[in-house]
$ cat final-v4.txt   # compact mmCIF, N, CA and C atoms
# COMPACT_ATOMS: atom_id res chain seq x y z
N MET N 1 0.84 -1.19 0.00
CA MET N 1 0.00 0.00 0.00
C MET N 1 0.88 1.25 0.00
N ASP N 2 0.47 2.17 -0.76
CA ASP N 2 1.22 3.40 -0.75
C ASP N 2 0.69 4.33 0.34
N MET N 3 1.35 5.39 0.57
CA MET N 3 1.07 6.33 1.67
C MET N 3 -0.30 7.00 1.52
N TYR N 4 -0.72 7.33 0.31
CA TYR N 4 -2.01 8.00 0.09
C TYR N 4 -3.17 7.08 0.44
N THR N 5 -3.05 5.83 0.17
CA THR N 5 -4.10 4.87 0.48
C THR N 5 -4.25 4.72 1.99
N ILE N 6 -3.17 4.69 2.70
CA ILE N 6 -3.20 4.58 4.17
C ILE N 6 -3.83 5.83 4.77
N ILE N 7 -3.43 7.00 4.30
CA ILE N 7 -3.99 8.26 4.81
C ILE N 7 -5.49 8.34 4.50
N LEU N 8 -5.86 7.93 3.30
CA LEU N 8 -7.28 7.94 2.92
C LEU N 8 -8.08 6.99 3.80
N ALA N 9 -7.56 5.82 4.08
CA ALA N 9 -8.25 4.85 4.94
C ALA N 9 -8.41 5.40 6.35
N ILE N 10 -7.40 6.04 6.88
CA ILE N 10 -7.46 6.63 8.23
C ILE N 10 -8.48 7.76 8.26
N LEU N 11 -8.50 8.60 7.25
CA LEU N 11 -9.46 9.71 7.21
C LEU N 11 -10.90 9.20 7.10
N LEU N 12 -11.11 8.17 6.30
CA LEU N 12 -12.45 7.60 6.17
C LEU N 12 -12.92 6.98 7.49
N CYS N 13 -12.03 6.28 8.17
CA CYS N 13 -12.38 5.70 9.47
C CYS N 13 -12.69 6.80 10.48
N LEU N 14 -11.91 7.83 10.49
CA LEU N 14 -12.13 8.95 11.40
C LEU N 14 -13.46 9.64 11.11
N ALA N 15 -13.77 9.85 9.85
CA ALA N 15 -15.05 10.47 9.47
C ALA N 15 -16.21 9.59 9.90
N PHE N 16 -16.08 8.29 9.72
CA PHE N 16 -17.14 7.37 10.11
C PHE N 16 -17.37 7.42 11.63
N VAL N 17 -16.30 7.42 12.39
CA VAL N 17 -16.41 7.48 13.86
C VAL N 17 -17.08 8.79 14.29
N LEU N 18 -16.70 9.89 13.70
CA LEU N 18 -17.30 11.18 14.06
C LEU N 18 -18.78 11.24 13.71
N ILE N 19 -19.16 10.70 12.57
CA ILE N 19 -20.57 10.69 12.18
C ILE N 19 -21.39 9.85 13.14
N VAL N 20 -20.91 8.67 13.46
CA VAL N 20 -21.63 7.80 14.40
C VAL N 20 -21.73 8.44 15.77
N GLN N 21 -20.67 9.07 16.21
CA GLN N 21 -20.67 9.74 17.51
C GLN N 21 -21.69 10.87 17.56
N ARG N 22 -21.80 11.65 16.53
CA ARG N 22 -22.79 12.75 16.48
C ARG N 22 -24.21 12.23 16.49
N ILE N 23 -24.45 11.15 15.77
CA ILE N 23 -25.80 10.58 15.70
C ILE N 23 -26.26 10.13 17.08
N PHE N 24 -25.39 9.45 17.79
CA PHE N 24 -25.77 8.92 19.10
C PHE N 24 -25.69 9.96 20.21
N ALA N 25 -24.95 11.02 20.05
CA ALA N 25 -24.81 12.05 21.08
C ALA N 25 -26.06 12.93 21.16
N LYS N 26 -26.83 13.06 20.09
CA LYS N 26 -27.99 13.94 20.10
C LYS N 26 -29.10 13.42 21.00
N GLY N 27 -29.24 12.14 21.17
CA GLY N 27 -30.33 11.57 21.96
C GLY N 27 -30.14 11.75 23.46
N GLY N 28 -28.97 12.08 23.94
CA GLY N 28 -28.71 12.17 25.36
C GLY N 28 -29.15 13.47 26.01
N ASP N 29 -29.56 14.46 25.27
CA ASP N 29 -29.88 15.76 25.84
C ASP N 29 -31.32 15.87 26.32
N SER N 30 -32.19 14.94 26.01
CA SER N 30 -33.60 15.08 26.34
C SER N 30 -33.86 14.71 27.79
N LYS N 31 -34.91 15.31 28.35
CA LYS N 31 -35.31 15.07 29.73
C LYS N 31 -36.38 13.99 29.75
N PRO N 32 -36.49 13.28 30.87
CA PRO N 32 -37.58 12.30 30.99
C PRO N 32 -38.95 12.99 30.95
N THR N 33 -39.96 12.25 30.52
CA THR N 33 -41.31 12.82 30.37
C THR N 33 -41.83 13.38 31.69
N GLY N 34 -41.60 12.67 32.79
CA GLY N 34 -42.07 13.13 34.10
C GLY N 34 -41.50 14.48 34.48
N VAL N 35 -40.24 14.69 34.18
CA VAL N 35 -39.59 15.97 34.49
C VAL N 35 -40.20 17.08 33.65
N LYS N 36 -40.44 16.81 32.37
CA LYS N 36 -41.04 17.81 31.49
C LYS N 36 -42.43 18.18 31.99
N LYS N 37 -43.22 17.18 32.36
CA LYS N 37 -44.58 17.45 32.86
C LYS N 37 -44.52 18.32 34.10
N ASN N 38 -43.65 17.96 35.04
CA ASN N 38 -43.55 18.74 36.28
C ASN N 38 -43.12 20.17 36.01
N GLU N 39 -42.21 20.37 35.08
CA GLU N 39 -41.77 21.72 34.75
C GLU N 39 -42.91 22.53 34.14
N ILE N 40 -43.70 21.90 33.29
CA ILE N 40 -44.84 22.58 32.66
C ILE N 40 -45.85 22.97 33.72
N ILE N 41 -46.19 22.03 34.60
CA ILE N 41 -47.18 22.29 35.66
C ILE N 41 -46.68 23.37 36.60
N GLU N 42 -45.42 23.31 36.99
CA GLU N 42 -44.87 24.34 37.89
C GLU N 42 -44.92 25.72 37.25
N ALA N 43 -44.68 25.80 35.96
CA ALA N 43 -44.74 27.09 35.27
C ALA N 43 -46.17 27.64 35.30
N TYR N 44 -47.16 26.77 35.07
CA TYR N 44 -48.55 27.20 35.13
C TYR N 44 -48.94 27.62 36.55
N GLU N 45 -48.45 26.90 37.54
CA GLU N 45 -48.74 27.27 38.93
C GLU N 45 -48.18 28.65 39.24
N GLU N 46 -46.98 28.90 38.79
CA GLU N 46 -46.37 30.21 39.03
C GLU N 46 -47.16 31.32 38.34
N GLN N 47 -47.59 31.07 37.12
CA GLN N 47 -48.40 32.07 36.41
C GLN N 47 -49.72 32.32 37.13
N MET N 48 -50.33 31.27 37.66
CA MET N 48 -51.60 31.42 38.38
C MET N 48 -51.38 32.21 39.67
N LYS N 49 -50.29 31.96 40.37
CA LYS N 49 -50.00 32.70 41.60
C LYS N 49 -49.82 34.19 41.31
N VAL N 50 -49.14 34.50 40.23
CA VAL N 50 -48.96 35.91 39.84
C VAL N 50 -50.31 36.53 39.52
N LEU N 51 -51.15 35.79 38.83
CA LEU N 51 -52.49 36.27 38.47
C LEU N 51 -53.32 36.54 39.73
N VAL N 52 -53.26 35.64 40.69
CA VAL N 52 -54.02 35.80 41.94
C VAL N 52 -53.50 37.01 42.72
N GLU N 53 -52.20 37.18 42.76
CA GLU N 53 -51.64 38.35 43.46
C GLU N 53 -52.03 39.65 42.78
N ARG N 54 -52.05 39.65 41.46
CA ARG N 54 -52.34 40.86 40.71
C ARG N 54 -53.78 41.32 40.93
N TYR N 55 -54.72 40.38 40.98
CA TYR N 55 -56.14 40.73 41.08
C TYR N 55 -56.73 40.37 42.44
N ALA N 56 -55.92 40.33 43.47
CA ALA N 56 -56.38 39.94 44.80
C ALA N 56 -57.43 40.91 45.36
N ASN N 57 -57.39 42.16 44.97
CA ASN N 57 -58.32 43.16 45.49
C ASN N 57 -59.67 43.14 44.80
N ASP N 58 -59.77 42.55 43.64
CA ASP N 58 -61.02 42.54 42.87
C ASP N 58 -61.39 41.10 42.52
N LYS N 59 -62.26 40.50 43.36
CA LYS N 59 -62.62 39.09 43.21
C LYS N 59 -63.31 38.80 41.88
N GLU N 60 -64.15 39.70 41.43
CA GLU N 60 -64.88 39.48 40.18
C GLU N 60 -63.92 39.46 38.99
N LEU N 61 -63.01 40.42 38.97
CA LEU N 61 -62.01 40.47 37.91
C LEU N 61 -61.07 39.26 38.01
N LEU N 62 -60.73 38.87 39.24
CA LEU N 62 -59.88 37.71 39.45
C LEU N 62 -60.53 36.46 38.86
N ASN N 63 -61.82 36.26 39.13
CA ASN N 63 -62.52 35.09 38.60
C ASN N 63 -62.55 35.09 37.07
N SER N 64 -62.79 36.23 36.47
CA SER N 64 -62.83 36.27 35.01
C SER N 64 -61.44 36.02 34.41
N GLN N 65 -60.41 36.56 35.05
CA GLN N 65 -59.05 36.34 34.56
C GLN N 65 -58.62 34.88 34.76
N LYS N 66 -59.05 34.27 35.87
CA LYS N 66 -58.74 32.86 36.10
C LYS N 66 -59.39 31.98 35.04
N LYS N 67 -60.64 32.30 34.67
CA LYS N 67 -61.33 31.53 33.64
C LYS N 67 -60.59 31.62 32.31
N ILE N 68 -60.18 32.82 31.96
CA ILE N 68 -59.45 33.01 30.71
C ILE N 68 -58.14 32.23 30.73
N PHE N 69 -57.43 32.32 31.85
CA PHE N 69 -56.16 31.62 31.99
C PHE N 69 -56.36 30.10 31.94
N LEU N 70 -57.36 29.60 32.65
CA LEU N 70 -57.60 28.15 32.68
C LEU N 70 -58.01 27.62 31.31
N LYS N 71 -58.78 28.39 30.56
CA LYS N 71 -59.14 27.97 29.20
C LYS N 71 -57.89 27.90 28.32
N SER N 72 -57.02 28.87 28.48
CA SER N 72 -55.79 28.89 27.71
C SER N 72 -54.90 27.69 28.07
N VAL N 73 -54.77 27.42 29.36
CA VAL N 73 -53.96 26.28 29.81
C VAL N 73 -54.56 24.97 29.30
N SER N 74 -55.87 24.86 29.40
CA SER N 74 -56.53 23.64 28.93
C SER N 74 -56.28 23.41 27.45
N SER N 75 -56.39 24.45 26.68
CA SER N 75 -56.15 24.35 25.25
C SER N 75 -54.72 23.93 24.96
N GLU N 76 -53.76 24.53 25.66
CA GLU N 76 -52.35 24.20 25.45
C GLU N 76 -52.06 22.75 25.85
N LEU N 77 -52.61 22.32 26.98
CA LEU N 77 -52.33 20.97 27.45
C LEU N 77 -52.98 19.91 26.57
N HIS N 78 -54.13 20.22 25.99
CA HIS N 78 -54.76 19.27 25.08
C HIS N 78 -53.92 19.06 23.82
N ARG N 79 -53.17 20.06 23.43
CA ARG N 79 -52.30 19.93 22.26
C ARG N 79 -50.94 19.33 22.61
N ASN N 80 -50.63 19.25 23.91
CA ASN N 80 -49.34 18.75 24.35
C ASN N 80 -49.33 17.23 24.34
N ILE N 81 -48.32 16.64 23.75
CA ILE N 81 -48.26 15.18 23.62
C ILE N 81 -48.00 14.47 24.94
N PHE N 82 -47.55 15.16 25.97
CA PHE N 82 -47.22 14.53 27.23
C PHE N 82 -48.44 14.32 28.13
N PHE N 83 -49.54 15.00 27.87
CA PHE N 83 -50.70 14.96 28.76
C PHE N 83 -51.88 14.27 28.08
N ASP N 84 -52.51 13.34 28.82
CA ASP N 84 -53.76 12.76 28.32
C ASP N 84 -54.93 13.51 28.95
N GLU N 85 -56.15 13.13 28.61
CA GLU N 85 -57.36 13.86 29.02
C GLU N 85 -57.49 13.94 30.55
N GLU N 86 -57.24 12.83 31.23
CA GLU N 86 -57.38 12.81 32.70
C GLU N 86 -56.34 13.71 33.37
N GLU N 87 -55.14 13.71 32.85
CA GLU N 87 -54.10 14.56 33.42
C GLU N 87 -54.42 16.04 33.21
N VAL N 88 -54.97 16.37 32.06
CA VAL N 88 -55.36 17.76 31.80
C VAL N 88 -56.41 18.20 32.80
N LYS N 89 -57.42 17.35 33.02
CA LYS N 89 -58.47 17.69 33.99
C LYS N 89 -57.90 17.88 35.39
N ALA N 90 -56.97 17.00 35.79
CA ALA N 90 -56.37 17.10 37.12
C ALA N 90 -55.57 18.39 37.26
N VAL N 91 -54.82 18.76 36.24
CA VAL N 91 -54.02 19.99 36.30
C VAL N 91 -54.93 21.21 36.36
N ILE N 92 -55.98 21.22 35.56
CA ILE N 92 -56.91 22.36 35.56
C ILE N 92 -57.59 22.49 36.92
N GLN N 93 -58.02 21.37 37.50
CA GLN N 93 -58.64 21.43 38.83
C GLN N 93 -57.67 21.93 39.88
N HIS N 94 -56.43 21.48 39.79
CA HIS N 94 -55.42 21.94 40.74
C HIS N 94 -55.18 23.45 40.60
N LEU N 95 -55.05 23.90 39.36
CA LEU N 95 -54.83 25.34 39.14
C LEU N 95 -56.03 26.17 39.59
N ALA N 96 -57.21 25.66 39.38
CA ALA N 96 -58.42 26.39 39.77
C ALA N 96 -58.50 26.55 41.30
N SER N 97 -57.90 25.61 42.02
CA SER N 97 -57.97 25.67 43.48
C SER N 97 -56.94 26.64 44.08
N LEU N 98 -56.02 27.11 43.28
CA LEU N 98 -55.00 28.04 43.80
C LEU N 98 -55.58 29.41 44.04

$ encode --input "final-v4.txt" --output "structure tokens"
Amino acid sequence: MDMYTIILAILLCLAFVLIVQRIFAKGGDSKPTGVKKNEIIEAYEEQMKVLVERYANDKELLNSQKKIFLKSVSSELHRNIFFDEEEVKAVIQHLASL
């Protein structure tokens, strides 16, 4: 074998290793489904707490704003692949009780 063939073989092997490494490295960055759900729910809880604090002096306005917020959350969760119908209902009931 001449020198160019050896260099070409080494470069091809190196390229193959790098390609395989990139393909398998991308899958490691995702979070488990349970963690994602908890983060989503905690974010909604925080938004609801801010809403309650903002309209604490006006109960009627608070109720109307809570309804608008809960409808928005329900719509978003129904489109979210992590939540089924029962989980959406449980989250909405929990948020409504805050």

$ atom_distance --input "final-v4.txt" --atom1 "atom N of Val35 in chain N" --atom2 "CA of Leu95 in chain N"
18.7 Å

$ atom_distance --input "final-v4.txt" --atom1 "CA of Val52 in chain N" --atom2 "CA of Ser64 in chain N"
11.2 Å

$ atom_distance --input "final-v4.txt" --atom1 "atom N of Tyr55 in chain N" --atom2 "CA of Leu98 in chain N"
12.7 Å

$ residues_near_point --input "final-v4.txt" --point "(-57.2, 23.7, 31.2)" --cutoff "10 Å" --atoms "only C-alpha atoms" --output "PyMOL selection string"
chain N and resi 67-78+87-96

$ residues_near_point --input "final-v4.txt" --point "(-54.1, 32.3, 40.6)" --cutoff "8 Å" --atoms "all atoms listed in the file" --output "CSV table (one decimal) with N, CA and C atoms, in the frame of the given file"
chain,number,residue,atom,x,y,z
N,45,GLU,N,-48.4,26.9,37.5
N,45,GLU,CA,-48.7,27.3,38.9
N,45,GLU,C,-48.2,28.6,39.2
N,46,GLU,N,-47.0,28.9,38.8
N,46,GLU,CA,-46.4,30.2,39.0
N,46,GLU,C,-47.2,31.3,38.3
N,47,GLN,N,-47.6,31.1,37.1
N,47,GLN,CA,-48.4,32.1,36.4
N,47,GLN,C,-49.7,32.3,37.1
N,48,MET,N,-50.3,31.3,37.7
N,48,MET,CA,-51.6,31.4,38.4
N,48,MET,C,-51.4,32.2,39.7
N,49,LYS,N,-50.3,32.0,40.4
N,49,LYS,CA,-50.0,32.7,41.6
N,49,LYS,C,-49.8,34.2,41.3
N,50,VAL,N,-49.1,34.5,40.2
N,50,VAL,CA,-49.0,35.9,39.8
N,50,VAL,C,-50.3,36.5,39.5
N,51,LEU,N,-51.2,35.8,38.8
N,51,LEU,CA,-52.5,36.3,38.5
N,51,LEU,C,-53.3,36.5,39.7
N,52,VAL,N,-53.3,35.6,40.7
N,52,VAL,CA,-54.0,35.8,41.9
N,52,VAL,C,-53.5,37.0,42.7
N,53,GLU,N,-52.2,37.2,42.8
N,53,GLU,CA,-51.6,38.4,43.5
N,53,GLU,C,-52.0,39.6,42.8
N,54,ARG,N,-52.0,39.6,41.5
N,54,ARG,CA,-52.3,40.9,40.7
N,54,ARG,C,-53.8,41.3,40.9
N,62,LEU,N,-60.7,38.9,39.2
N,62,LEU,CA,-59.9,37.7,39.4
N,62,LEU,C,-60.5,36.5,38.9
N,65,GLN,N,-60.4,36.6,35.0
N,65,GLN,CA,-59.0,36.3,34.6
N,65,GLN,C,-58.6,34.9,34.8
N,66,LYS,N,-59.0,34.3,35.9
N,66,LYS,CA,-58.7,32.9,36.1
N,66,LYS,C,-59.4,32.0,35.0
N,95,LEU,N,-55.0,23.9,39.4
N,95,LEU,CA,-54.8,25.3,39.1
N,95,LEU,C,-56.0,26.2,39.6
N,96,ALA,N,-57.2,25.7,39.4
N,96,ALA,CA,-58.4,26.4,39.8
N,96,ALA,C,-58.5,26.6,41.3
N,97,SER,N,-57.9,25.6,42.0
N,97,SER,CA,-58.0,25.7,43.5
N,97,SER,C,-56.9,26.6,44.1
N,98,LEU,N,-56.0,27.1,43.3
N,98,LEU,CA,-55.0,28.0,43.8
N,98,LEU,C,-55.6,29.4,44.0
